[in-house]
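To be precise, the following lines are structure26.cif, and they hold mmCIF, C-alpha atoms.
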```
data_final
#
loop_
_atom_site.label_atom_id
_atom_site.label_comp_id
_atom_site.auth_asym_id
_atom_site.auth_seq_id
_atom_site.Cartn_x
_atom_site.Cartn_y
_atom_site.Cartn_z
CA MET A 1 18.61 -16.71 -13.99
CA LYS A 2 20.65 -13.53 -13.81
CA ARG A 3 21.43 -11.08 -16.58
CA LYS A 4 23.17 -7.75 -16.71
CA GLY A 5 20.90 -5.03 -15.36
CA TYR A 6 18.47 -7.50 -13.86
CA GLU A 7 18.21 -9.64 -10.79
CA THR A 8 15.38 -12.09 -11.05
CA GLU A 9 15.13 -15.84 -10.70
CA ARG A 10 12.59 -18.22 -12.20
CA PHE A 11 11.44 -21.62 -11.05
CA SER A 12 9.86 -23.07 -14.19
CA SER A 13 10.76 -23.73 -17.79
CA HIS A 14 7.93 -21.65 -19.21
CA ARG A 15 8.65 -18.46 -21.10
CA SER A 16 9.66 -15.69 -18.78
CA ILE A 17 7.97 -12.43 -18.00
CA GLU A 18 9.79 -9.17 -18.64
CA PRO A 19 12.10 -8.84 -15.60
CA ILE A 20 12.35 -5.75 -13.49
CA PRO A 21 15.18 -3.38 -14.55
CA LEU A 22 17.84 -2.22 -12.16
CA ASP A 23 18.23 1.15 -13.88
CA LEU A 24 16.42 3.29 -11.33
CA LYS A 25 17.05 6.50 -13.24
CA LYS A 26 15.00 5.28 -16.18
CA MET A 27 12.17 4.19 -13.89
CA THR A 28 11.91 7.48 -12.05
CA ARG A 29 12.34 9.69 -15.10
CA LEU A 30 9.34 11.95 -15.66
CA GLN A 31 7.34 11.18 -18.76
CA VAL A 32 7.38 14.74 -20.08
CA LYS A 33 6.69 15.36 -23.73
CA PRO A 34 9.61 16.75 -25.77
CA HIS A 35 8.04 20.16 -26.33
CA GLN A 36 7.50 20.49 -22.56
CA LYS A 37 11.11 19.87 -21.50
CA LYS A 38 12.12 23.50 -22.04
CA LEU A 39 9.12 24.68 -20.04
CA LEU A 40 9.90 22.22 -17.27
CA ARG A 41 13.40 23.63 -17.02
CA LYS A 42 11.86 27.08 -16.68
CA VAL A 43 9.64 25.82 -13.87
CA GLU A 44 12.64 24.33 -12.10
CA SER A 45 14.45 27.64 -12.57
CA ARG A 46 11.55 29.45 -10.92
CA VAL A 47 11.80 27.16 -7.90
CA CYS A 48 15.51 27.91 -7.55
CA LEU A 49 14.97 31.65 -7.94
CA LYS A 50 12.23 31.70 -5.35
CA ARG A 51 14.50 29.90 -2.94
CA LYS A 52 17.18 32.56 -3.53
CA GLU A 53 14.63 35.29 -2.90
CA ARG A 54 13.60 33.62 0.33
CA ASP A 55 17.22 33.35 1.47
CA GLY A 56 18.06 36.91 0.35
CA ASN A 57 20.67 35.75 -2.16
CA GLU A 58 19.08 36.95 -5.37
CA ASP A 59 20.85 39.40 -7.63
CA ASP A 60 19.51 42.06 -9.95
CA GLU A 61 19.63 39.73 -12.92
CA SER A 62 17.51 37.06 -11.23
CA ASP A 63 14.92 39.58 -10.05
CA LYS A 64 13.71 40.02 -13.59
CA ARG A 65 13.50 36.34 -14.53
CA PRO A 66 10.57 35.22 -12.35
CA SER A 67 8.37 37.92 -13.80
CA LYS A 68 9.21 36.85 -17.36
CA LEU A 69 8.74 33.19 -16.55
CA LEU A 70 5.45 33.90 -14.80
CA HIS A 71 3.93 35.15 -18.02
CA SER A 72 5.71 32.80 -20.43
CA ILE A 73 4.03 29.56 -19.28
CA PRO A 74 0.26 29.10 -19.67
CA LEU A 75 -1.48 28.16 -16.42
CA ASP A 76 -3.00 24.95 -17.79
CA LEU A 77 0.43 23.79 -18.92
CA GLU A 78 1.89 24.64 -15.51
CA VAL A 79 -0.75 22.42 -13.93
CA GLU A 80 0.01 19.59 -16.35
CA ILE A 81 3.72 19.84 -15.57
CA MET A 82 3.03 19.89 -11.82
CA THR A 83 1.10 16.62 -12.03
CA ARG A 84 4.27 14.99 -13.39
CA LEU A 85 6.57 16.17 -10.63
CA PRO A 86 7.67 13.83 -7.82
CA VAL A 87 5.90 14.44 -4.52
CA LYS A 88 8.92 15.99 -2.78
CA SER A 89 9.53 18.38 -5.65
CA LEU A 90 5.86 19.25 -5.73
CA MET A 91 5.77 20.05 -2.02
CA ARG A 92 8.79 22.34 -2.43
CA SER A 93 7.15 23.98 -5.44
CA ARG A 94 4.48 25.52 -3.22
CA CYS A 95 6.95 28.34 -2.54
CA VAL A 96 7.05 29.34 -6.23
CA SER A 97 3.94 31.51 -5.94
CA LYS A 98 0.62 31.82 -4.16
CA THR A 99 -1.05 30.56 -7.33
CA TRP A 100 1.02 27.39 -7.34
CA SER A 101 0.42 26.83 -3.63
CA SER A 102 -3.36 27.22 -4.00
CA ILE A 103 -3.38 24.88 -7.01
CA ILE A 104 -1.34 22.16 -5.29
CA LEU A 105 -3.51 22.23 -2.16
CA SER A 106 -6.83 22.23 -4.06
CA GLN A 107 -8.94 19.07 -4.03
CA GLY A 108 -9.15 19.02 -7.82
CA PHE A 109 -5.39 18.93 -8.17
CA VAL A 110 -5.04 16.33 -5.39
CA HIS A 111 -7.40 14.03 -7.31
CA ALA A 112 -5.65 14.75 -10.62
CA TYR A 113 -2.24 13.96 -9.13
CA TYR A 114 -3.53 10.70 -7.67
CA ALA A 115 -5.01 9.72 -11.04
CA MET A 116 -1.69 10.46 -12.74
CA SER A 117 0.21 8.40 -10.15
CA SER A 118 -2.20 5.47 -10.38
CA SER A 119 -1.83 5.34 -14.16
CA ALA A 120 1.88 4.53 -13.88
CA THR A 121 2.75 1.32 -15.70
CA ARG A 122 4.97 -0.04 -12.94
CA SER A 123 3.53 -1.21 -9.61
CA ARG A 124 4.68 0.54 -6.43
CA PHE A 125 4.47 -1.21 -3.09
CA THR A 126 5.18 -0.47 0.55
CA VAL A 127 7.17 -2.57 3.00
CA ALA A 128 6.49 -1.92 6.69
CA PHE A 129 8.31 -3.64 9.54
CA SER A 130 9.03 -3.12 13.23
CA ASN A 131 12.43 -3.27 14.95
CA SER A 132 11.23 -6.19 17.11
CA VAL A 133 8.20 -7.56 18.90
CA PHE A 134 10.30 -7.69 22.08
CA VAL A 135 11.07 -3.96 22.11
CA LYS A 136 8.59 -2.00 24.21
CA GLY A 137 7.48 1.58 24.76
CA ASP A 138 9.42 4.50 23.31
CA ALA A 139 12.06 2.19 21.83
CA GLN A 140 9.54 0.73 19.38
CA ARG A 141 9.88 1.79 15.76
CA LEU A 142 7.80 1.17 12.65
CA PHE A 143 9.67 1.68 9.39
CA ILE A 144 7.84 2.24 6.12
CA PHE A 145 9.73 1.76 2.85
CA SER A 146 8.36 2.04 -0.66
CA SER A 147 9.63 0.79 -3.97
CA SER A 148 8.68 0.41 -7.61
CA SER A 149 11.95 -1.28 -8.44
CA LEU A 150 14.60 -3.54 -6.99
CA ALA A 151 15.67 -0.96 -4.40
CA ALA A 152 13.53 0.25 -1.50
CA ASN A 153 13.67 3.74 -0.01
CA LEU A 154 12.83 4.66 3.58
CA HIS A 155 9.87 7.05 3.71
CA MET A 156 8.92 7.17 7.37
CA THR A 157 10.02 6.12 10.84
CA ILE A 158 7.18 6.19 13.37
CA PRO A 159 8.22 5.96 17.04
CA SER A 160 6.34 4.07 19.77
CA LEU A 161 4.64 1.85 17.20
CA SER A 162 5.11 -1.83 16.42
CA LEU A 163 3.65 -4.49 14.16
CA SER A 164 2.15 -7.61 15.70
CA HIS A 165 2.06 -11.00 13.97
CA VAL A 166 -1.70 -10.72 13.34
CA SER A 167 -1.74 -7.15 12.01
CA ASP A 168 -0.73 -5.64 8.70
CA CYS A 169 -0.26 -2.19 7.16
CA PRO A 170 -2.32 -2.06 3.96
CA SER A 171 -2.11 0.89 1.60
CA VAL A 172 -5.51 2.51 0.95
CA HIS A 173 -5.71 5.36 -1.58
CA GLY A 174 -2.18 6.54 -0.80
CA PHE A 175 -2.41 6.19 3.00
CA VAL A 176 -1.12 3.38 5.20
CA GLY A 177 -3.05 2.28 8.29
CA CYS A 178 -1.65 0.29 11.21
CA CYS A 179 -3.45 -0.93 14.32
CA TYR A 180 -1.41 -1.69 17.41
CA GLY A 181 -3.39 -2.46 20.54
CA PHE A 182 -6.08 0.17 20.92
CA GLN A 183 -4.23 2.77 18.87
CA PHE A 184 -4.78 3.28 15.16
CA THR A 185 -2.15 5.15 13.17
CA ILE A 186 -2.68 6.51 9.65
CA CYS A 187 0.18 7.99 7.66
CA ASN A 188 0.93 9.26 4.19
CA PRO A 189 4.41 8.06 3.17
CA SER A 190 4.55 10.71 0.43
CA THR A 191 3.82 13.81 2.53
CA GLY A 192 5.02 12.48 5.88
CA GLN A 193 1.74 13.19 7.70
CA VAL A 194 1.03 10.91 10.67
CA VAL A 195 -2.26 10.81 12.62
CA SER A 196 -2.73 8.54 15.66
CA LEU A 197 -6.14 7.91 17.17
CA PRO A 198 -7.46 5.87 20.08
CA CYS A 199 -9.94 3.17 19.07
CA LYS A 200 -12.30 0.90 20.98
CA GLY A 201 -11.14 -2.33 19.35
CA ASN A 202 -7.78 -3.93 18.60
CA ARG A 203 -8.86 -4.83 15.06
CA THR A 204 -9.13 -1.54 13.19
CA SER A 205 -8.76 -1.05 9.45
CA LEU A 206 -8.73 1.88 7.04
CA GLY A 207 -11.36 2.34 4.37
CA TYR A 208 -11.96 4.89 1.63
CA ASP A 209 -15.17 6.05 -0.02
CA PRO A 210 -14.33 7.06 -3.62
CA VAL A 211 -17.69 8.79 -4.14
CA ASP A 212 -17.32 11.38 -1.37
CA GLY A 213 -13.52 11.14 -1.17
CA GLN A 214 -13.78 10.25 2.54
CA PHE A 215 -11.48 8.12 4.70
CA LYS A 216 -13.02 6.13 7.55
CA ALA A 217 -11.68 3.59 10.03
CA LEU A 218 -13.70 0.55 11.08
CA SER A 219 -12.90 -0.77 14.56
CA LEU A 220 -14.24 -4.16 15.66
CA VAL A 221 -15.31 -4.17 19.32
CA PRO A 222 -15.26 -7.84 20.39
CA THR A 223 -17.34 -9.25 23.25
CA PRO A 224 -16.15 -12.41 25.08
CA VAL A 225 -18.79 -15.16 24.82
CA ARG A 226 -18.00 -18.64 26.15
CA GLY A 227 -14.30 -18.28 25.41
CA TYR A 228 -14.81 -16.77 21.97
CA HIS A 229 -14.64 -13.18 20.78
CA ILE A 230 -17.92 -12.29 19.09
CA CYS A 231 -18.40 -8.99 17.24
CA VAL A 232 -21.72 -7.18 17.22
CA VAL A 233 -20.69 -3.56 17.85
CA HIS A 234 -18.34 -1.53 15.63
CA GLU A 235 -16.85 1.93 15.96
CA VAL A 236 -16.71 3.97 12.75
CA ILE A 237 -14.24 6.86 12.79
CA LYS A 238 -14.70 9.49 10.09
CA LEU A 239 -11.31 11.05 9.38
CA GLY A 240 -10.59 14.55 8.17
CA GLY A 241 -10.81 18.13 9.25
CA GLY A 242 -7.18 18.97 8.44
CA GLY A 243 -4.87 17.66 11.12
CA GLY A 244 -6.73 14.60 12.24
CA GLY A 245 -10.13 15.89 13.31
CA GLU A 246 -12.69 13.11 13.36
CA SER A 247 -16.22 12.11 14.25
CA ARG A 248 -17.31 8.77 15.61
CA ASN A 249 -20.34 6.59 15.19
CA MET A 250 -21.39 3.15 16.42
CA VAL A 251 -22.71 0.49 14.02
CA THR A 252 -24.19 -2.90 14.90
CA SER A 253 -24.48 -6.15 12.96
CA PRO A 254 -25.53 -9.76 13.46
CA PRO A 255 -22.95 -11.64 15.58
CA TYR A 256 -19.86 -13.11 13.99
CA SER A 257 -16.30 -14.18 14.84
CA PRO A 258 -13.63 -12.50 12.61
CA LEU A 259 -10.94 -14.68 11.11
CA THR A 260 -9.04 -13.28 8.09
CA ASN A 261 -7.23 -10.08 7.18
CA ARG A 262 -9.26 -7.00 6.24
CA LEU A 263 -9.21 -5.56 2.72
CA CYS A 264 -10.65 -2.36 1.19
CA ILE A 265 -11.83 -2.53 -2.43
CA ASN A 266 -13.87 0.17 -4.20
CA GLY A 267 -15.45 1.65 -1.08
CA PHE A 268 -16.03 -1.61 0.82
CA ILE A 269 -14.03 -3.28 3.60
CA TYR A 270 -14.10 -7.10 3.42
CA PHE A 271 -12.95 -9.82 5.81
CA GLY A 272 -13.77 -13.46 6.43
CA ALA A 273 -15.62 -14.64 9.54
CA TRP A 274 -17.70 -17.39 11.11
CA ALA A 275 -21.32 -16.50 11.88
CA PRO A 276 -22.69 -16.46 14.47
CA ARG A 277 -19.70 -18.13 16.21
CA PRO A 278 -16.55 -20.10 15.26
CA ARG A 279 -16.92 -23.16 13.03
CA MET A 280 -20.49 -22.29 12.11
CA ASN A 281 -21.37 -20.56 8.84
CA PRO A 282 -18.52 -19.05 6.78
CA VAL A 283 -19.25 -15.52 5.54
CA ILE A 284 -17.54 -12.47 4.13
CA VAL A 285 -18.31 -9.44 6.26
CA CYS A 286 -18.85 -6.44 4.00
CA PHE A 287 -18.72 -2.89 5.39
CA ASP A 288 -20.07 -0.14 3.12
CA VAL A 289 -17.73 2.77 3.89
CA ARG A 290 -20.04 5.45 2.49
CA HIS A 291 -23.33 4.34 4.05
CA GLU A 292 -21.74 2.74 7.14
CA LYS A 293 -23.71 -0.48 6.82
CA ILE A 294 -22.60 -4.06 7.41
CA SER A 295 -23.81 -7.06 5.44
CA PHE A 296 -22.76 -10.70 4.96
CA ILE A 297 -21.82 -12.49 1.74
CA LYS A 298 -22.20 -16.26 1.61
CA MET A 299 -19.14 -18.32 0.82
CA PRO A 300 -18.12 -21.98 0.57
CA LYS A 301 -16.56 -23.38 3.73
CA ASP A 302 -13.27 -24.15 1.95
CA VAL A 303 -12.73 -20.48 1.14
CA LEU A 304 -12.16 -19.59 4.79
CA SER A 305 -9.63 -22.24 5.86
CA TYR A 306 -5.97 -21.09 5.77
CA SER A 307 -7.04 -18.18 3.58
CA VAL A 308 -5.79 -14.70 2.76
CA LEU A 309 -8.08 -12.17 1.09
CA ILE A 310 -6.66 -10.27 -1.88
CA GLU A 311 -7.88 -8.11 -4.74
CA TYR A 312 -7.58 -10.05 -8.00
CA LYS A 313 -8.29 -8.18 -11.23
CA GLY A 314 -10.67 -5.82 -9.47
CA LYS A 315 -12.56 -8.56 -7.63
CA LEU A 316 -12.44 -9.94 -4.11
CA ALA A 317 -10.54 -13.22 -4.00
CA SER A 318 -9.17 -15.67 -1.47
CA VAL A 319 -5.83 -17.47 -1.68
CA VAL A 320 -6.28 -20.72 0.26
CA ARG A 321 -3.21 -22.74 1.27
CA HIS A 322 -3.46 -26.52 1.25
CA GLN A 323 -1.03 -26.61 4.20
CA PRO A 324 -1.09 -24.30 7.27
CA LEU A 325 2.39 -22.78 6.80
CA SER A 326 3.25 -23.51 3.18
CA PHE A 327 2.20 -22.21 -0.24
CA ARG A 328 3.39 -25.26 -2.22
CA SER A 329 -0.15 -25.62 -3.60
CA PHE A 330 -3.17 -23.35 -3.22
CA ASP A 331 -6.68 -22.62 -4.42
CA LEU A 332 -7.69 -19.26 -5.83
CA TRP A 333 -11.34 -18.49 -5.08
CA ILE A 334 -12.79 -15.46 -6.89
CA LEU A 335 -16.06 -13.76 -5.95
CA GLU A 336 -17.74 -13.49 -9.35
CA ASP A 337 -21.16 -12.19 -8.19
CA VAL A 338 -21.41 -10.24 -4.93
CA LYS A 339 -25.21 -10.23 -4.72
CA LYS A 340 -25.64 -13.94 -5.43
CA GLY A 341 -22.51 -15.06 -3.61
CA VAL A 342 -21.14 -16.93 -6.65
CA TRP A 343 -17.49 -18.03 -6.39
CA SER A 344 -15.15 -19.61 -8.95
CA LYS A 345 -12.19 -21.82 -8.07
CA GLN A 346 -8.77 -22.52 -9.61
CA THR A 347 -6.02 -24.74 -8.18
CA PHE A 348 -2.29 -24.14 -8.66
CA ASP A 349 0.88 -26.03 -7.78
CA LEU A 350 4.11 -24.13 -7.22
CA PRO A 351 7.49 -25.61 -8.15
CA CYS A 352 8.85 -24.98 -4.63
CA ASP A 353 7.68 -24.49 -1.04
CA LEU A 354 7.03 -20.91 0.11
CA VAL A 355 7.24 -21.11 3.89
CA ASN A 356 6.36 -18.33 6.37
CA MET A 357 4.89 -16.26 3.59
CA THR A 358 1.60 -14.59 2.84
CA SER A 359 -0.06 -13.20 -0.26
CA PRO A 360 -0.65 -9.43 -0.02
CA GLY A 361 -2.25 -9.18 -3.46
CA THR A 362 -1.23 -8.77 -7.09
CA ASN A 363 0.78 -6.38 -9.24
CA LYS A 364 -0.49 -4.48 -12.28
CA ALA A 365 0.31 -7.47 -14.51
CA GLY A 366 -2.08 -9.63 -12.47
CA GLU A 367 0.67 -11.79 -10.97
CA ILE A 368 -0.04 -13.09 -7.46
CA ILE A 369 2.54 -11.81 -4.98
CA PHE A 370 4.00 -13.87 -2.14
CA ALA A 371 5.95 -11.98 0.52
CA PRO A 372 7.64 -12.81 3.85
CA THR A 373 5.81 -12.28 7.13
CA LYS A 374 9.06 -11.78 9.08
CA LEU A 375 12.55 -10.49 8.50
CA SER A 376 15.30 -13.08 8.76
CA HIS A 377 17.23 -13.15 12.03
CA GLY A 378 20.48 -12.31 10.26
CA ALA A 379 21.51 -10.16 7.34
CA GLN A 380 19.82 -12.06 4.52
CA PRO A 381 18.43 -10.94 1.14
CA PHE A 382 14.77 -9.90 1.10
CA TYR A 383 12.83 -11.67 -1.66
CA ILE A 384 9.35 -11.29 -3.11
CA PHE A 385 7.81 -13.95 -5.36
CA TYR A 386 5.54 -13.34 -8.34
CA TYR A 387 3.32 -16.08 -9.78
CA ASN A 388 1.72 -15.82 -13.22
CA THR A 389 -1.45 -17.92 -13.19
CA GLN A 390 -1.69 -17.96 -16.99
CA ILE A 391 1.63 -19.56 -17.83
CA LYS A 392 2.28 -21.16 -14.39
CA ASP A 393 5.53 -19.24 -13.95
CA LEU A 394 7.08 -18.34 -10.59
CA ARG A 395 9.87 -15.79 -10.31
CA ARG A 396 11.84 -14.54 -7.34
CA VAL A 397 12.94 -10.91 -7.10
CA ARG A 398 15.34 -9.48 -4.56
CA ILE A 399 14.48 -6.09 -3.05
CA HIS A 400 17.69 -4.35 -2.08
CA GLY A 401 17.83 -2.18 1.02
CA ILE A 402 15.58 -4.24 3.34
CA ALA A 403 17.67 -5.54 6.28
CA ASP A 404 20.12 -7.22 3.92
CA ASP A 405 23.35 -6.20 5.66
CA GLU A 406 24.59 -5.87 9.23
CA GLY A 407 25.04 -2.13 8.88
CA PHE A 408 21.34 -1.77 8.07
CA ARG A 409 20.31 -3.85 11.07
CA ARG A 410 22.52 -1.88 13.46
CA ARG A 411 21.39 1.45 12.02
CA TYR A 412 17.70 0.67 12.56
CA GLY A 413 18.15 -1.30 15.77
CA LEU A 414 16.72 -4.54 14.42
CA VAL A 415 16.74 -7.62 16.63
CA SER A 416 14.99 -10.98 16.34
CA ASP A 417 11.34 -11.45 15.29
CA CYS A 418 10.69 -8.39 13.17
CA ASN A 419 7.23 -8.68 11.60
CA VAL A 420 6.78 -7.47 8.02
CA SER A 421 3.78 -6.24 6.04
CA VAL A 422 3.99 -5.78 2.27
CA SER A 423 1.24 -3.84 0.52
CA PRO A 424 1.10 -3.88 -3.30
CA GLU A 425 -0.43 -1.32 -5.65
CA HIS A 426 0.52 1.65 -3.49
CA VAL A 427 -0.19 4.99 -5.16
CA GLU A 428 1.49 8.25 -4.19
CA SER A 429 -0.92 10.87 -2.87
CA ILE A 430 -0.47 14.51 -1.83
CA ALA A 431 -3.67 14.54 0.24
CA PHE A 432 -3.80 15.47 3.93
CA LEU A 433 -6.27 14.22 6.51
#
```

Rendering of file as structure tokens:
Amino acid sequence: MKRKGYETERFSSHRSIEPIPLDLKKMTRLQVKPHQKKLLRKVESRVCLKRKERDGNEDDESDKRPSKLLHSIPLDLEVEIMTRLPVKSLMRSRCVSKTWSSIILSQGFVHAYYAMSSSATRSRFTVAFSNSVFVKGDAQRLFIFSSSSLAANLHMTIPSLSLSHVSDCPSVHGFVGCCYGFQFTICNPSTGQVVSLPCKGNRTSLGYDPVDGQFKALSLVPTPVRGYHICVVHEVIKLGGGGGGESRNMVTSPPYSPLTNRLCINGFIYFGAWAPRPRMNPVIVCFDVRHEKISFIKMPKDVLSYSVLIEYKGKLASVVRHQPLSFRSFDLWILEDVKKGVWSKQTFDLPCDLVNMTSPGTNKAGEIIFAPTKLSHGAQPFYIFYYNTQIKDLRRVRIHGIADDEGFRRRYGLVSDCNVSVSPEHVESIAFL
């Protein structure tokens, strides 16, 4: 189904969900109250005047305006207006005055800006992909796009970094983490900061402690045992210090063999595993980011087979395919009680086969997202699917600007087998590690 201003397609006869608008200007418009518009224009004027002063192009008339504007806007209102500015505008606004710069860089404002961004009604997601798994060394590129609409924008290009078929780039509290070999890279698509660290294991994931506001990376250090990789030792990297300073600690646990993707929810990193070795007891490994402790959560055996862990309405859940490579039908297991290990189960049938796809999570409406794991070999449209579990409705949405024309592919040097990682519920952050 296609209507003017929209590009969405549904696969069932149930009532449709409100489609995503193509009018990007309306989506990105700041939600400023009417009585604040005049003040916002004054703030923008101050930015322009400060730039002129910096470049030596100000005139006598403009010299007087900053002083008047400085005293005409209350400080608390300035702060409120700043929280509504886009990240790029906010970063440029640091040159307005020392007061503005100190406010923007303060932890209180960083948290307030994140809270404002996370309260947005429309979901934002990131799309990360490499130029090819066959490209090596300095020619490797990892591209990170973000979008809250039908058009994606390039945020970052990270050289000498690729994306393997078993890794992903999840968004955690505004930062994106990617593990490639024994190197772990963390970046903030909003500010452009990139930090690369060596790690002891090739399975490293990013976690965030909301109590202390601390980022940490958990690296699994596998030990070969009778042909299997068993994990007992873990490296915990505490990030911070302004510019990538970190401290490291080693944590042990009972033996297990990791299996699923890793997911950070509310200060805990979760992933599925067999304990103590493959095909034994299925468990969810739970890493407490704040206290740096590892525990196991019991789970039914069916939860682990062909499964992808997601966050579903604030809870840990597992999307379990009935077939290895297809999402034609699936079970949704939800962890209802963490302490008791109580799971609930729902089964769904889709109206079509979703092949070579994964489920990175849900959007703000609670719809389960299905996204490609690879870019097409040629210039083909990039689609994401949304499934509403309440009304059994599946819709397909095209994201423009993701390898959908030959010019794009030549510009970014894309060749065959480009792995993709889609991360939903991304929130813009102005924090620095």

Expanded to explicit residues, what is the PyMOL selection byres ((chain A and resi 124-134) around 9) for this file, as a short mmCIF file (atom, residue, chain, number, x, y, z; two decimals) with C-alpha atoms, keeping the file's coordinate frame?
```cif
data_model
loop_
_atom_site.label_atom_id
_atom_site.label_comp_id
_atom_site.auth_asym_id
_atom_site.auth_seq_id
_atom_site.Cartn_x
_atom_site.Cartn_y
_atom_site.Cartn_z
CA ALA A 120 1.88 4.53 -13.88
CA ARG A 122 4.97 -0.04 -12.94
CA SER A 123 3.53 -1.21 -9.61
CA VAL A 135 11.07 -3.96 22.11
CA LYS A 136 8.59 -2.00 24.21
CA ALA A 139 12.06 2.19 21.83
CA GLN A 140 9.54 0.73 19.38
CA ARG A 141 9.88 1.79 15.76
CA LEU A 142 7.80 1.17 12.65
CA PHE A 143 9.67 1.68 9.39
CA ILE A 144 7.84 2.24 6.12
CA PHE A 145 9.73 1.76 2.85
CA SER A 146 8.36 2.04 -0.66
CA SER A 147 9.63 0.79 -3.97
CA SER A 148 8.68 0.41 -7.61
CA SER A 149 11.95 -1.28 -8.44
CA ALA A 152 13.53 0.25 -1.50
CA LEU A 161 4.64 1.85 17.20
CA SER A 162 5.11 -1.83 16.42
CA LEU A 163 3.65 -4.49 14.16
CA SER A 164 2.15 -7.61 15.70
CA HIS A 165 2.06 -11.00 13.97
CA ASP A 168 -0.73 -5.64 8.70
CA CYS A 169 -0.26 -2.19 7.16
CA PRO A 170 -2.32 -2.06 3.96
CA SER A 171 -2.11 0.89 1.60
CA VAL A 176 -1.12 3.38 5.20
CA PRO A 189 4.41 8.06 3.17
CA ASN A 363 0.78 -6.38 -9.24
CA LYS A 374 9.06 -11.78 9.08
CA LEU A 375 12.55 -10.49 8.50
CA ILE A 402 15.58 -4.24 3.34
CA ARG A 409 20.31 -3.85 11.07
CA TYR A 412 17.70 0.67 12.56
CA GLY A 413 18.15 -1.30 15.77
CA LEU A 414 16.72 -4.54 14.42
CA VAL A 415 16.74 -7.62 16.63
CA SER A 416 14.99 -10.98 16.34
CA ASP A 417 11.34 -11.45 15.29
CA CYS A 418 10.69 -8.39 13.17
CA ASN A 419 7.23 -8.68 11.60
CA VAL A 420 6.78 -7.47 8.02
CA SER A 421 3.78 -6.24 6.04
CA VAL A 422 3.99 -5.78 2.27
CA SER A 423 1.24 -3.84 0.52
CA PRO A 424 1.10 -3.88 -3.30
CA GLU A 425 -0.43 -1.32 -5.65
CA HIS A 426 0.52 1.65 -3.49
CA VAL A 427 -0.19 4.99 -5.16
CA GLU A 428 1.49 8.25 -4.19
#
```

(request) Using atom CA of Leu394 of chain A and atom CA of Phe370 of chain A as the two end points, give the distance in Å to one decimal. (result)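 Rounded to one decimal, the two atoms are 10.0 Å apart.
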
(request) Any chance you could resolve the PyMOL selection byres ((chain A and resi 280-294) around 9) against this file and give the residues as an MDAnalysis selection string? (result) chainID A and resid 207:212 214:218 236 251:254 256 258 267:279 295:304

Print the selection's residues with C-alpha atoms to a file, as a PDB file, in the frame of the given file.
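That gives us selection_26.pdb:
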```pdb
ATOM      1  CA  GLY A 207     -11.360   2.340   4.370  1.00  0.00           C
ATOM      2  CA  TYR A 208     -11.960   4.890   1.630  1.00  0.00           C
ATOM      3  CA  ASP A 209     -15.170   6.050  -0.020  1.00  0.00           C
ATOM      4  CA  PRO A 210     -14.330   7.060  -3.620  1.00  0.00           C
ATOM      5  CA  VAL A 211     -17.690   8.790  -4.140  1.00  0.00           C
ATOM      6  CA  ASP A 212     -17.320  11.380  -1.370  1.00  0.00           C
ATOM      7  CA  GLN A 214     -13.780  10.250   2.540  1.00  0.00           C
ATOM      8  CA  PHE A 215     -11.480   8.120   4.700  1.00  0.00           C
ATOM      9  CA  LYS A 216     -13.020   6.130   7.550  1.00  0.00           C
ATOM     10  CA  ALA A 217     -11.680   3.590  10.030  1.00  0.00           C
ATOM     11  CA  LEU A 218     -13.700   0.550  11.080  1.00  0.00           C
ATOM     12  CA  VAL A 236     -16.710   3.970  12.750  1.00  0.00           C
ATOM     13  CA  VAL A 251     -22.710   0.490  14.020  1.00  0.00           C
ATOM     14  CA  THR A 252     -24.190  -2.900  14.900  1.00  0.00           C
ATOM     15  CA  SER A 253     -24.480  -6.150  12.960  1.00  0.00           C
ATOM     16  CA  PRO A 254     -25.530  -9.760  13.460  1.00  0.00           C
ATOM     17  CA  TYR A 256     -19.860 -13.110  13.990  1.00  0.00           C
ATOM     18  CA  PRO A 258     -13.630 -12.500  12.610  1.00  0.00           C
ATOM     19  CA  GLY A 267     -15.450   1.650  -1.080  1.00  0.00           C
ATOM     20  CA  PHE A 268     -16.030  -1.610   0.820  1.00  0.00           C
ATOM     21  CA  ILE A 269     -14.030  -3.280   3.600  1.00  0.00           C
ATOM     22  CA  TYR A 270     -14.100  -7.100   3.420  1.00  0.00           C
ATOM     23  CA  PHE A 271     -12.950  -9.820   5.810  1.00  0.00           C
ATOM     24  CA  GLY A 272     -13.770 -13.460   6.430  1.00  0.00           C
ATOM     25  CA  ALA A 273     -15.620 -14.640   9.540  1.00  0.00           C
ATOM     26  CA  TRP A 274     -17.700 -17.390  11.110  1.00  0.00           C
ATOM     27  CA  ALA A 275     -21.320 -16.500  11.880  1.00  0.00           C
ATOM     28  CA  PRO A 276     -22.690 -16.460  14.470  1.00  0.00           C
ATOM     29  CA  ARG A 277     -19.700 -18.130  16.210  1.00  0.00           C
ATOM     30  CA  PRO A 278     -16.550 -20.100  15.260  1.00  0.00           C
ATOM     31  CA  ARG A 279     -16.920 -23.160  13.030  1.00  0.00           C
ATOM     32  CA  SER A 295     -23.810  -7.060   5.440  1.00  0.00           C
ATOM     33  CA  PHE A 296     -22.760 -10.700   4.960  1.00  0.00           C
ATOM     34  CA  ILE A 297     -21.820 -12.490   1.740  1.00  0.00           C
ATOM     35  CA  LYS A 298     -22.200 -16.260   1.610  1.00  0.00           C
ATOM     36  CA  MET A 299     -19.140 -18.320   0.820  1.00  0.00           C
ATOM     37  CA  PRO A 300     -18.120 -21.980   0.570  1.00  0.00           C
ATOM     38  CA  LYS A 301     -16.560 -23.380   3.730  1.00  0.00           C
ATOM     39  CA  ASP A 302     -13.270 -24.150   1.950  1.00  0.00           C
ATOM     40  CA  VAL A 303     -12.730 -20.480   1.140  1.00  0.00           C
ATOM     41  CA  LEU A 304     -12.160 -19.590   4.790  1.00  0.00           C
TER      42      LEU A 304
END
```
